[in-house]
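entry-v3.pdb (PDB, C-alpha atoms)
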```
ATOM      1  CA  MET A   1      32.750   1.078 -18.187
ATOM      2  CA  LYS A   2      29.156   1.057 -19.303
ATOM      3  CA  LYS A   3      28.695  -2.424 -17.908
ATOM      4  CA  GLU A   4      29.999  -1.329 -14.507
ATOM      5  CA  PHE A   5      27.490   1.535 -14.455
ATOM      6  CA  THR A   6      24.472  -0.605 -15.282
ATOM      7  CA  GLN A   7      25.600  -3.249 -12.812
ATOM      8  CA  GLY A   8      25.836  -0.591 -10.096
ATOM      9  CA  MET A   9      22.358   0.633 -11.005
ATOM     10  CA  ARG A  10      20.971  -2.901 -10.835
ATOM     11  CA  HIS A  11      22.588  -3.645  -7.492
ATOM     12  CA  GLY A  12      21.131  -0.367  -6.231
ATOM     13  CA  ILE A  13      17.512  -1.324  -6.932
ATOM     14  CA  PRO A  14      16.789  -2.854  -3.492
ATOM     15  CA  ILE A  15      18.270   0.281  -1.930
ATOM     16  CA  MET A  16      16.031   2.406  -4.145
ATOM     17  CA  LEU A  17      12.897   0.542  -3.019
ATOM     18  CA  GLY A  18      13.875   0.785   0.633
ATOM     19  CA  TYR A  19      14.648   4.471   0.369
ATOM     20  CA  LEU A  20      11.408   5.148  -1.512
ATOM     21  CA  SER A  21       9.267   4.147   1.434
ATOM     22  CA  VAL A  22      11.475   5.489   4.218
ATOM     23  CA  SER A  23      11.891   8.888   2.551
ATOM     24  CA  PHE A  24       8.100   9.035   2.185
ATOM     25  CA  GLY A  25       8.090   9.247   5.982
ATOM     26  CA  PHE A  26      10.757  11.936   5.863
ATOM     27  CA  GLY A  27       8.666  13.962   3.387
ATOM     28  CA  ILE A  28       5.726  13.907   5.779
ATOM     29  CA  LYS A  29       7.963  14.862   8.687
ATOM     30  CA  ALA A  30       9.544  17.736   6.729
ATOM     31  CA  VAL A  31       6.156  19.202   5.828
ATOM     32  CA  ARG A  32       5.068  19.008   9.441
ATOM     33  CA  ALA A  33       8.253  20.866  10.369
ATOM     34  CA  GLY A  34       7.198  23.683   8.025
ATOM     35  CA  LEU A  35       9.105  22.887   4.806
ATOM     36  CA  ASN A  36       7.326  22.820   1.446
ATOM     37  CA  THR A  37       7.618  20.004  -1.116
ATOM     38  CA  TRP A  38      10.484  21.679  -3.028
ATOM     39  CA  GLU A  39      12.480  22.373   0.117
ATOM     40  CA  ALA A  40      11.978  18.826   1.390
ATOM     41  CA  SER A  41      13.047  17.343  -1.968
ATOM     42  CA  LEU A  42      16.054  19.663  -2.178
ATOM     43  CA  THR A  43      17.093  18.574   1.319
ATOM     44  CA  SER A  44      16.975  14.927   0.247
ATOM     45  CA  LEU A  45      18.812  15.582  -3.030
ATOM     46  CA  THR A  46      21.646  17.495  -1.385
ATOM     47  CA  ASN A  47      22.032  15.410   1.792
ATOM     48  CA  LEU A  48      21.110  11.800   0.966
ATOM     49  CA  THR A  49      20.997  10.727   4.614
ATOM     50  CA  SER A  50      18.146   9.741   6.928
ATOM     51  CA  ALA A  51      19.093  10.523  10.527
ATOM     52  CA  GLY A  52      20.863  13.776   9.669
ATOM     53  CA  GLN A  53      17.903  15.077   7.686
ATOM     54  CA  ALA A  54      15.406  14.072  10.359
ATOM     55  CA  ALA A  55      17.390  15.988  12.973
ATOM     56  CA  GLY A  56      17.966  18.843  10.528
ATOM     57  CA  VAL A  57      14.306  19.610   9.873
ATOM     58  CA  GLU A  58      13.690  19.586  13.601
ATOM     59  CA  ILE A  59      16.352  22.262  14.021
ATOM     60  CA  ILE A  60      14.771  24.275  11.194
ATOM     61  CA  ALA A  61      11.351  23.958  12.843
ATOM     62  CA  ALA A  62      12.751  25.022  16.223
ATOM     63  CA  GLY A  63      14.692  27.929  14.669
ATOM     64  CA  GLY A  64      18.030  26.618  15.963
ATOM     65  CA  THR A  65      21.331  28.294  15.151
ATOM     66  CA  LEU A  66      23.462  27.417  12.117
ATOM     67  CA  LEU A  67      26.262  26.355  14.465
ATOM     68  CA  GLU A  68      23.892  23.886  16.104
ATOM     69  CA  MET A  69      22.903  22.619  12.640
ATOM     70  CA  ALA A  70      26.535  22.150  11.588
ATOM     71  CA  LEU A  71      27.496  20.380  14.833
ATOM     72  CA  VAL A  72      24.468  18.078  14.773
ATOM     73  CA  GLN A  73      25.230  17.041  11.189
ATOM     74  CA  LEU A  74      28.872  16.516  12.101
ATOM     75  CA  ILE A  75      28.045  14.253  15.034
ATOM     76  CA  ILE A  76      25.245  12.306  13.371
ATOM     77  CA  ASN A  77      27.077  11.833  10.072
ATOM     78  CA  ILE A  78      30.653  11.353  11.298
ATOM     79  CA  ARG A  79      30.192   7.636  10.714
ATOM     80  CA  TYR A  80      30.407   8.347   6.969
ATOM     81  CA  SER A  81      34.027   9.395   7.461
ATOM     82  CA  LEU A  82      34.855   5.958   8.743
ATOM     83  CA  MET A  83      32.979   4.315   5.863
ATOM     84  CA  ALA A  84      34.754   6.605   3.404
ATOM     85  CA  LEU A  85      38.095   5.584   4.938
ATOM     86  CA  THR A  86      37.230   1.914   4.629
ATOM     87  CA  LEU A  87      36.131   2.262   1.011
ATOM     88  CA  SER A  88      39.192   4.348   0.119
ATOM     89  CA  GLN A  89      41.278   1.214   0.704
ATOM     90  CA  LYS A  90      39.656  -0.738  -2.127
ATOM     91  CA  LEU A  91      39.332   1.734  -4.972
ATOM     92  CA  ASP A  92      40.196   0.863  -8.552
ATOM     93  CA  ARG A  93      43.091   2.731 -10.215
ATOM     94  CA  SER A  94      40.604   4.608 -12.405
ATOM     95  CA  PHE A  95      39.417   6.398  -9.228
ATOM     96  CA  THR A  96      41.197   9.733  -9.736
ATOM     97  CA  LEU A  97      40.773  12.661  -7.358
ATOM     98  CA  PRO A  98      37.848  14.284  -9.262
ATOM     99  CA  HIS A  99      36.051  10.918  -9.267
ATOM    100  CA  ARG A 100      36.662  10.525  -5.543
ATOM    101  CA  MET A 101      35.286  13.985  -4.876
ATOM    102  CA  LEU A 102      32.154  13.236  -6.905
ATOM    103  CA  ALA A 103      31.505   9.660  -5.760
ATOM    104  CA  ALA A 104      31.888  10.641  -2.073
ATOM    105  CA  TYR A 105      28.382  12.171  -2.317
ATOM    106  CA  GLY A 106      26.906   8.658  -2.464
ATOM    107  CA  ILE A 107      28.443   7.171   0.690
ATOM    108  CA  THR A 108      25.382   6.144   2.718
ATOM    109  CA  ASP A 109      25.040   3.228   5.156
ATOM    110  CA  GLU A 110      23.437   0.993   2.521
ATOM    111  CA  ILE A 111      25.659   1.934  -0.429
ATOM    112  CA  PHE A 112      28.677   1.509   1.823
ATOM    113  CA  ALA A 113      27.495  -1.944   2.871
ATOM    114  CA  LEU A 114      27.134  -3.146  -0.732
ATOM    115  CA  CYS A 115      30.354  -1.513  -1.954
ATOM    116  CA  ALA A 116      32.366  -2.806   0.991
ATOM    117  CA  ALA A 117      31.070  -6.324   0.334
ATOM    118  CA  ARG A 118      32.053  -6.241  -3.346
ATOM    119  CA  VAL A 119      35.003  -8.492  -4.135
ATOM    120  CA  LYS A 120      36.250  -6.553  -7.186
ATOM    121  CA  PRO A 121      37.946  -3.152  -6.744
ATOM    122  CA  LEU A 122      35.440  -0.310  -6.814
ATOM    123  CA  THR A 123      35.179   1.672 -10.022
ATOM    124  CA  PRO A 124      33.684   5.181 -10.268
ATOM    125  CA  ALA A 125      31.075   3.935 -12.776
ATOM    126  CA  TYR A 126      29.833   1.246 -10.386
ATOM    127  CA  MET A 127      29.421   3.710  -7.525
ATOM    128  CA  TYR A 128      27.739   6.274  -9.780
ATOM    129  CA  GLY A 129      25.223   3.686 -10.997
ATOM    130  CA  MET A 130      24.349   2.585  -7.487
ATOM    131  CA  THR A 131      24.160   6.164  -6.225
ATOM    132  CA  LEU A 132      21.826   7.082  -9.081
ATOM    133  CA  SER A 133      19.351   4.315  -8.182
ATOM    134  CA  ALA A 134      19.472   5.170  -4.486
ATOM    135  CA  THR A 135      19.135   8.931  -4.979
ATOM    136  CA  PHE A 136      16.214   8.461  -7.360
ATOM    137  CA  GLY A 137      14.311   6.496  -4.698
ATOM    138  CA  TRP A 138      15.259   8.858  -1.886
ATOM    139  CA  VAL A 139      14.216  12.070  -3.683
ATOM    140  CA  LEU A 140      11.085  10.656  -5.318
ATOM    141  CA  GLY A 141       9.892   9.219  -1.997
ATOM    142  CA  THR A 142      10.493  12.532  -0.264
ATOM    143  CA  ALA A 143       8.583  14.474  -2.904
ATOM    144  CA  LEU A 144       5.656  12.034  -2.784
ATOM    145  CA  GLY A 145       5.569  12.070   1.015
ATOM    146  CA  ALA A 146       5.728  15.851   1.146
ATOM    147  CA  ALA A 147       3.090  16.358  -1.567
ATOM    148  CA  ALA A 148       0.709  13.458  -0.974
ATOM    149  CA  GLY A 149       1.286  13.353   2.770
ATOM    150  CA  GLN A 150      -1.041  16.357   2.884
ATOM    151  CA  LEU A 151      -3.680  14.516   0.842
ATOM    152  CA  LEU A 152      -3.547  11.313   2.865
ATOM    153  CA  PRO A 153      -6.033  10.895   5.694
ATOM    154  CA  ALA A 154      -4.529  12.134   8.958
ATOM    155  CA  SER A 155      -4.728   8.649  10.462
ATOM    156  CA  LEU A 156      -2.403   7.320   7.756
ATOM    157  CA  SER A 157       0.117  10.174   7.677
ATOM    158  CA  ASN A 158       0.273  10.142  11.492
ATOM    159  CA  ALA A 159       1.106   6.451  11.451
ATOM    160  CA  MET A 160       3.876   7.046   8.894
ATOM    161  CA  GLY A 161       5.632   9.398  11.277
ATOM    162  CA  ILE A 162       7.111   6.326  12.942
ATOM    163  CA  LEU A 163       8.696   4.915   9.724
ATOM    164  CA  LEU A 164      12.153   6.422  10.124
ATOM    165  CA  TYR A 165      12.360   5.557  13.805
ATOM    166  CA  GLY A 166      11.371   1.977  12.981
ATOM    167  CA  MET A 167      14.319   1.854  10.602
ATOM    168  CA  PHE A 168      16.644   3.249  13.271
ATOM    169  CA  LEU A 169      15.561   0.485  15.657
ATOM    170  CA  ALA A 170      16.175  -2.093  12.946
ATOM    171  CA  ILE A 171      19.730  -0.760  12.609
ATOM    172  CA  ILE A 172      20.640  -0.734  16.315
ATOM    173  CA  ILE A 173      18.821  -3.740  17.790
ATOM    174  CA  PRO A 174      20.461  -6.657  15.899
ATOM    175  CA  PRO A 175      24.067  -5.608  16.759
ATOM    176  CA  ALA A 176      22.996  -4.696  20.325
ATOM    177  CA  ARG A 177      21.659  -8.213  20.678
ATOM    178  CA  LYS A 178      24.944  -9.727  19.550
ATOM    179  CA  GLU A 179      27.471  -7.415  21.250
ATOM    180  CA  ARG A 180      27.251  -6.349  24.892
ATOM    181  CA  SER A 181      29.316  -3.261  24.108
ATOM    182  CA  VAL A 182      26.815  -1.994  21.532
ATOM    183  CA  LEU A 183      23.936  -2.728  23.891
ATOM    184  CA  PHE A 184      25.729  -0.695  26.553
ATOM    185  CA  ALA A 185      26.202   2.262  24.175
ATOM    186  CA  VAL A 186      22.531   2.110  23.155
ATOM    187  CA  ILE A 187      21.259   1.999  26.744
ATOM    188  CA  ILE A 188      23.536   4.774  28.023
ATOM    189  CA  ALA A 189      22.599   7.062  25.121
ATOM    190  CA  ALA A 190      18.877   6.332  25.596
ATOM    191  CA  LEU A 191      19.008   6.973  29.354
ATOM    192  CA  MET A 192      20.839  10.238  28.849
ATOM    193  CA  SER A 193      18.394  11.261  26.153
ATOM    194  CA  LEU A 194      15.508  10.670  28.580
ATOM    195  CA  ILE A 195      17.284  12.778  31.211
ATOM    196  CA  CYS A 196      17.805  15.612  28.714
ATOM    197  CA  LYS A 197      14.193  15.471  27.549
ATOM    198  CA  TYR A 198      12.483  15.425  30.938
ATOM    199  CA  LEU A 199      14.952  16.905  33.440
ATOM    200  CA  LEU A 200      17.470  19.102  31.617
ATOM    201  CA  THR A 201      14.806  20.728  29.443
ATOM    202  CA  PHE A 202      16.925  23.840  28.814
ATOM    203  CA  ILE A 203      19.132  21.807  26.422
ATOM    204  CA  SER A 204      17.851  22.044  22.842
ATOM    205  CA  GLU A 205      17.041  18.790  21.034
ATOM    206  CA  GLY A 206      19.945  19.079  18.634
ATOM    207  CA  PHE A 207      22.550  19.584  21.334
ATOM    208  CA  ALA A 208      20.951  16.855  23.434
ATOM    209  CA  VAL A 209      21.635  14.361  20.620
ATOM    210  CA  ILE A 210      25.262  15.504  20.427
ATOM    211  CA  ILE A 211      25.857  15.332  24.183
ATOM    212  CA  CYS A 212      24.142  11.955  24.619
ATOM    213  CA  SER A 213      25.887  10.283  21.713
ATOM    214  CA  VAL A 214      29.381  11.667  22.356
ATOM    215  CA  LEU A 215      29.263  10.774  26.058
ATOM    216  CA  GLY A 216      27.644   7.404  25.341
ATOM    217  CA  ALA A 217      30.250   6.440  22.730
ATOM    218  CA  ALA A 218      33.166   7.849  24.760
ATOM    219  CA  LEU A 219      32.144   5.881  27.845
ATOM    220  CA  THR A 220      31.584   2.697  25.825
ATOM    221  CA  ALA A 221      34.954   3.076  24.079
ATOM    222  CA  ALA A 222      36.647   3.414  27.481
ATOM    223  CA  ILE A 223      34.964   0.313  28.913
ATOM    224  CA  PHE A 224      34.836  -1.837  25.773
ATOM    225  CA  PRO A 225      37.768  -0.851  23.545
ATOM    226  CA  LEU A 226      37.882  -2.696  20.218
ATOM    227  CA  PRO A 227      40.429  -5.517  19.974
ATOM    228  CA  ASP A 228      43.897  -4.130  19.275
ATOM    229  CA  ASP A 229      44.380  -6.087  16.080
ATOM    230  CA  ALA A 230      42.334  -4.045  13.644
ATOM    231  CA  PRO A 231      40.670  -5.968  10.812
ATOM    232  CA  ALA A 232      43.253  -6.683   8.118
ATOM    233  CA  LYS A 233      43.513  -3.978   5.517
ATOM    234  CA  GLU A 234      42.150  -4.812   2.087
ATOM    235  CA  ALA A 235      44.979  -5.367  -0.354
ATOM    236  CA  ARG A 236      45.079  -2.655  -2.990
TER     237      ARG A 236
ATOM    238  CA  MET B 237      11.319  28.809  -1.141
ATOM    239  CA  ASN B 238      12.101  30.467   2.152
ATOM    240  CA  PRO B 239      15.652  31.955   2.069
ATOM    241  CA  THR B 240      16.301  31.101   5.729
ATOM    242  CA  THR B 241      15.349  27.477   5.087
ATOM    243  CA  LEU B 242      17.678  27.392   2.081
ATOM    244  CA  ILE B 243      20.589  28.564   4.236
ATOM    245  CA  TYR B 244      19.864  25.799   6.748
ATOM    246  CA  ILE B 245      19.755  23.229   3.915
ATOM    247  CA  ALA B 246      23.020  24.563   2.458
ATOM    248  CA  VAL B 247      24.787  24.225   5.834
ATOM    249  CA  MET B 248      23.414  20.699   6.304
ATOM    250  CA  ALA B 249      24.445  19.627   2.824
ATOM    251  CA  GLY B 250      27.877  21.283   3.021
ATOM    252  CA  VAL B 251      28.819  19.662   6.326
ATOM    253  CA  THR B 252      27.465  16.267   5.286
ATOM    254  CA  TYR B 253      29.337  16.372   1.973
ATOM    255  CA  LEU B 254      32.661  17.370   3.545
ATOM    256  CA  ILE B 255      32.373  14.550   6.094
ATOM    257  CA  ARG B 256      32.117  12.070   3.218
ATOM    258  CA  MET B 257      34.479  13.721   0.765
ATOM    259  CA  LEU B 258      37.532  14.685   2.842
ATOM    260  CA  PRO B 259      38.482  11.190   4.036
ATOM    261  CA  PHE B 260      37.446   9.569   0.751
ATOM    262  CA  ALA B 261      39.535  11.908  -1.387
ATOM    263  CA  PHE B 262      42.518  12.717   0.804
ATOM    264  CA  PHE B 263      42.995  10.267   3.651
ATOM    265  CA  THR B 264      44.793   7.087   2.684
ATOM    266  CA  LYS B 265      46.429   6.114   5.958
ATOM    267  CA  LYS B 266      44.806   3.968   8.609
ATOM    268  CA  ILE B 267      43.622   5.185  12.019
ATOM    269  CA  GLU B 268      45.960   3.585  14.553
ATOM    270  CA  ASN B 269      44.641   4.974  17.853
ATOM    271  CA  ARG B 270      42.600   2.263  19.501
ATOM    272  CA  TYR B 271      40.403   4.605  21.527
ATOM    273  CA  VAL B 272      39.525   6.760  18.505
ATOM    274  CA  ARG B 273      38.674   3.664  16.477
ATOM    275  CA  SER B 274      36.472   2.374  19.286
ATOM    276  CA  PHE B 275      34.735   5.737  19.679
ATOM    277  CA  LEU B 276      34.001   5.893  15.937
ATOM    278  CA  HIS B 277      32.691   2.334  16.055
ATOM    279  CA  TYR B 278      30.142   3.077  18.778
ATOM    280  CA  ILE B 279      29.035   6.568  17.765
ATOM    281  CA  PRO B 280      26.404   5.521  15.167
ATOM    282  CA  TYR B 281      24.589   3.308  17.659
ATOM    283  CA  ALA B 282      24.649   5.984  20.358
ATOM    284  CA  VAL B 283      23.374   8.613  17.912
ATOM    285  CA  LEU B 284      20.486   6.508  16.639
ATOM    286  CA  SER B 285      19.520   5.473  20.162
ATOM    287  CA  ALA B 286      19.494   9.060  21.449
ATOM    288  CA  MET B 287      17.494  10.174  18.407
ATOM    289  CA  THR B 288      14.935   7.389  18.767
ATOM    290  CA  ILE B 289      14.296   7.473  22.492
ATOM    291  CA  PRO B 290      12.051   9.080  23.581
ATOM    292  CA  ALA B 291      11.219  10.767  20.222
ATOM    293  CA  ILE B 292       9.620   7.621  18.787
ATOM    294  CA  PHE B 293       6.796   7.891  21.351
ATOM    295  CA  TYR B 294       5.914  11.334  19.962
ATOM    296  CA  SER B 295       6.208  10.307  16.308
ATOM    297  CA  THR B 296       2.502   9.621  15.743
ATOM    298  CA  ASP B 297      -0.518  11.535  17.013
ATOM    299  CA  SER B 298      -0.873   9.466  20.188
ATOM    300  CA  PRO B 299       1.626   7.815  22.556
ATOM    301  CA  VAL B 300      -0.535   4.663  22.517
ATOM    302  CA  THR B 301      -0.299   4.059  18.768
ATOM    303  CA  ALA B 302       3.400   5.011  18.892
ATOM    304  CA  ALA B 303       4.010   2.461  21.663
ATOM    305  CA  VAL B 304       2.277  -0.272  19.664
ATOM    306  CA  GLY B 305       4.385   0.566  16.600
ATOM    307  CA  THR B 306       7.540   0.620  18.721
ATOM    308  CA  ALA B 307       6.783  -2.785  20.243
ATOM    309  CA  VAL B 308       6.291  -4.331  16.802
ATOM    310  CA  ALA B 309       9.528  -2.733  15.537
ATOM    311  CA  VAL B 310      11.525  -3.961  18.538
ATOM    312  CA  VAL B 311      10.312  -7.552  18.160
ATOM    313  CA  MET B 312      10.898  -7.617  14.406
ATOM    314  CA  ALA B 313      14.326  -5.995  14.714
ATOM    315  CA  TYR B 314      15.246  -8.511  17.404
ATOM    316  CA  PHE B 315      14.658 -11.262  14.854
ATOM    317  CA  ASP B 316      16.907  -9.483  12.352
ATOM    318  CA  LEU B 317      14.219  -8.747   9.760
ATOM    319  CA  PRO B 318      15.098  -6.320   6.932
ATOM    320  CA  LEU B 319      15.132  -2.582   7.702
ATOM    321  CA  ILE B 320      12.332  -1.778   5.350
ATOM    322  CA  ALA B 321      10.072  -4.546   6.679
ATOM    323  CA  VAL B 322      10.559  -3.322  10.251
ATOM    324  CA  ALA B 323       9.856   0.293   9.297
ATOM    325  CA  LEU B 324       6.687  -0.550   7.340
ATOM    326  CA  ALA B 325       5.371  -2.953   9.983
ATOM    327  CA  ALA B 326       5.860  -0.376  12.755
ATOM    328  CA  SER B 327       3.887   2.095  10.721
ATOM    329  CA  ALA B 328       1.141  -0.413   9.879
ATOM    330  CA  ALA B 329       0.845  -1.400  13.544
ATOM    331  CA  ALA B 330       0.518   2.235  14.602
ATOM    332  CA  PHE B 331      -2.145   2.762  11.926
ATOM    333  CA  ILE B 332      -4.161  -0.289  12.984
ATOM    334  CA  ALA B 333      -3.890   0.697  16.654
ATOM    335  CA  GLY B 334      -5.193   4.132  15.679
ATOM    336  CA  LEU B 335      -8.397   2.575  14.320
ATOM    337  CA  PHE B 336      -9.257   1.260  17.780
ATOM    338  CA  ILE B 337      -8.757   4.390  19.863
TER     339      ILE B 337
END
```

What's the structure tokens form of this structure?
Amino acid sequence: MKKEFTQGMRHGIPIMLGYLSVSFGFGIKAVRAGLNTWEASLTSLTNLTSAGQAAGVEIIAAGGTLLEMALVQLIINIRYSLMALTLSQKLDRSFTLPHRMLAAYGITDEIFALCAARVKPLTPAYMYGMTLSATFGWVLGTALGAAAGQLLPASLSNAMGILLYGMFLAIIIPPARKERSVLFAVIIAALMSLICKYLLTFISEGFAVIICSVLGAALTAAIFPLPDDAPAKEAR
Amino acid sequence: MNPTTLIYIAVMAGVTYLIRMLPFAFFTKKIENRYVRSFLHYIPYAVLSAMTIPAIFYSTDSPVTAAVGTAVAVVMAYFDLPLIAVALAASAAAFIAGLFI
């Protein structure tokens, strides 16, 4: 049990380092949106997600409605449901309901990727260890970015505003290069986002993201449906 | 802390947690519908694309430095470099470009 926990923590170290620098950018962004260091850190501790938080602080800054906030989080983070489903197929027997409810907090893109790639069944201790490393990096980076972002020269903190977007590009470009369908989804969503930004300016930014991504994915799914034979289920 | 901000954060955190927890804890069957599976497969890419464009060009203090950072990120991402390297290089490129304007 203890070994599983420390192994999870160790495997989580690269995630921690990555999160540390990316969340630094989020901290800066949150402060610019009007949050203080505590609020920014609390957001990172309770959400543990990059795109959702970035969109969330924009809604806070714009004074959007709570419904808009809930819908934006739902649309941006719905991918976690699919990851959670995938992981639920390879859980160890020790994963009782309370453990599932607790460990679900740590399902992020990166933790999912490492857990899904693990050959052994997932234990709660392993996921807790990995989540601890990742959360430590994510919250510490946010706090540093929010606090020291104000001390940094403007030229440096301005340049760090692009960090999160750089990471987003690094997530979408490699698969778009390999699969025409993904490229199509990316281009449609980007075109629609441009239209919302410059022509349909009455649509708020949060709703624009929802509309663009739902229509983009719906259209792509209609034109490029996934092969009918779903990837074989992991044996329990 | 501002109470209004705390309510926003609570809603964000609540929705995000439920999205992760409900399927992880309670759903054990497999999604059979091909269209739904396809939609769920493409949604992350569409979301990130819509969030990035055109926002990335407003992410620094000038569209010029943002464009330089974007170009570096696109090239590095095209060659499949690690997320963190792409993010840091985009930022460094924007910073260096800022020194010249």

Taking (0.1, 12.1, 17.8) in the file's coordinates, which residues come within 12 Å, counting all atoms listed in the file, written as a compact mmCIF listing (two decimals) with C-alpha atoms, keeping the file's coordinate frame?
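Resulting contents of result.txt:
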```txt
# COMPACT_ATOMS: atom_id res chain seq x y z
CA ARG A 32 5.07 19.01 9.44
CA ALA A 154 -4.53 12.13 8.96
CA SER A 155 -4.73 8.65 10.46
CA LEU A 156 -2.40 7.32 7.76
CA SER A 157 0.12 10.17 7.68
CA ASN A 158 0.27 10.14 11.49
CA ALA A 159 1.11 6.45 11.45
CA MET A 160 3.88 7.05 8.89
CA GLY A 161 5.63 9.40 11.28
CA ILE A 162 7.11 6.33 12.94
CA ALA B 291 11.22 10.77 20.22
CA ILE B 292 9.62 7.62 18.79
CA PHE B 293 6.80 7.89 21.35
CA TYR B 294 5.91 11.33 19.96
CA SER B 295 6.21 10.31 16.31
CA THR B 296 2.50 9.62 15.74
CA ASP B 297 -0.52 11.54 17.01
CA SER B 298 -0.87 9.47 20.19
CA PRO B 299 1.63 7.82 22.56
CA VAL B 300 -0.54 4.66 22.52
CA THR B 301 -0.30 4.06 18.77
CA ALA B 302 3.40 5.01 18.89
CA ALA B 303 4.01 2.46 21.66
CA ALA B 330 0.52 2.24 14.60
CA PHE B 331 -2.14 2.76 11.93
CA GLY B 334 -5.19 4.13 15.68
CA ILE B 337 -8.76 4.39 19.86
```

In Å, rounded to a single decimal, give me how far atom CA of A:Phe168 is from atom CA of A:Gly63.
-> 24.8 Å

Considering only C-alpha atoms, return as a ChimeraX atom specification whatever protein or nucleic-acid residues lie within 10 Å of stretch 130-132 of chain A, sequence-local ones (same chain, fewer than 5 positions apart) excluded.
-> /A:4-13,15-16,48,103-108,111,114-115,125,137-138

Leaving out A:Tyr19 and any residue of its chain fewer than 2 positions from it, which residues lie within 9 Å of it when counting all atoms listed in the file, given as a PyMOL selection string?
-> (chain A and resi 14-17+21-24+134-139+141) or (chain B and resi 320)

Result set of the PyMOL selection byres ((chain B) within 7 of (chain A)) on the coordinates above, as an NGL selection string = :B and (237 or 241 or 244-245 or 247-249 or 251-253 or 255-257 or 259-261 or 263-264 or 270-271 or 274-276 or 278-290 or 292 or 295-297 or 309-310 or 313-314 or 316 or 319-320 or 322-324 or 326-327 or 330-331 or 334)

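Atom to atom, atom CA of A:Arg118 and atom CA of A:Lys90 stand 9.5 Å apart.
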
Would you mind listing what lies within 6 Å of A:Ala146 as a VMD selection string, with only C-alpha atoms counted and same-chain residues fewer than 3 positions away left out?
-> chain A and resid 27 to 28 31 37 142 to 143 149

Return the padded bounding box of stretch 267-282 of chain B as lines of an AutoDock Vina configuration file: axis-aligned, built from all atoms listed in the file, 5 Å added on each side, with centre and edge lengths in Å to one decimal.
```
center_x = 35.3
center_y = 4.5
center_z = 16.8
size_x = 31.4
size_y = 14.5
size_z = 19.5
```

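Take atom CA of A:Gly145 and atom CA of A:Phe26: the distance between them is 7.1 Å.
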
Given the choices B:Leu317, B:Ala329, B:Leu335, B:Val272, which gets closest to B:Val304 if the distance is worked out from all atoms listed in the file?
-> B:Ala329

Since the input is missing atoms, can you rebuild N, CA, C and O atoms for stretch 270-280 of chain B and write them as an mmCIF file, keeping the file's coordinate frame?
```
data_model
loop_
_atom_site.group_PDB
_atom_site.id
_atom_site.type_symbol
_atom_site.label_atom_id
_atom_site.label_comp_id
_atom_site.auth_asym_id
_atom_site.auth_seq_id
_atom_site.Cartn_x
_atom_site.Cartn_y
_atom_site.Cartn_z
ATOM 1 N N ARG B 270 43.629 3.239 19.170
ATOM 2 C CA ARG B 270 42.600 2.263 19.501
ATOM 3 C C ARG B 270 41.348 2.936 20.067
ATOM 4 O O ARG B 270 40.220 2.557 19.754
ATOM 5 N N TYR B 271 41.556 3.946 20.919
ATOM 6 C CA TYR B 271 40.403 4.605 21.527
ATOM 7 C C TYR B 271 39.572 5.348 20.478
ATOM 8 O O TYR B 271 38.346 5.268 20.476
ATOM 9 N N VAL B 272 40.243 6.021 19.556
ATOM 10 C CA VAL B 272 39.525 6.760 18.505
ATOM 11 C C VAL B 272 38.738 5.783 17.630
ATOM 12 O O VAL B 272 37.572 6.028 17.298
ATOM 13 N N ARG B 273 39.376 4.657 17.295
ATOM 14 C CA ARG B 273 38.674 3.664 16.477
ATOM 15 C C ARG B 273 37.451 3.131 17.210
ATOM 16 O O ARG B 273 36.385 2.941 16.626
ATOM 17 N N SER B 274 37.600 2.887 18.508
ATOM 18 C CA SER B 274 36.472 2.374 19.286
ATOM 19 C C SER B 274 35.350 3.407 19.344
ATOM 20 O O SER B 274 34.177 3.086 19.146
ATOM 21 N N PHE B 275 35.721 4.661 19.609
ATOM 22 C CA PHE B 275 34.735 5.737 19.679
ATOM 23 C C PHE B 275 33.947 5.823 18.370
ATOM 24 O O PHE B 275 32.718 5.877 18.371
ATOM 25 N N LEU B 276 34.662 5.801 17.239
ATOM 26 C CA LEU B 276 34.001 5.893 15.937
ATOM 27 C C LEU B 276 33.111 4.681 15.667
ATOM 28 O O LEU B 276 32.102 4.780 14.980
ATOM 29 N N HIS B 277 33.494 3.548 16.237
ATOM 30 C CA HIS B 277 32.691 2.334 16.055
ATOM 31 C C HIS B 277 31.349 2.434 16.787
ATOM 32 O O HIS B 277 30.321 1.991 16.277
ATOM 33 N N TYR B 278 31.370 3.039 17.967
ATOM 34 C CA TYR B 278 30.142 3.077 18.778
ATOM 35 C C TYR B 278 29.252 4.273 18.485
ATOM 36 O O TYR B 278 28.060 4.245 18.782
ATOM 37 N N ILE B 279 29.810 5.331 17.900
ATOM 38 C CA ILE B 279 29.035 6.568 17.765
ATOM 39 C C ILE B 279 27.730 6.397 16.976
ATOM 40 O O ILE B 279 26.700 6.938 17.393
ATOM 41 N N PRO B 280 27.688 5.617 15.877
ATOM 42 C CA PRO B 280 26.404 5.521 15.167
ATOM 43 C C PRO B 280 25.285 4.934 16.026
ATOM 44 O O PRO B 280 24.151 5.404 15.971
#
```
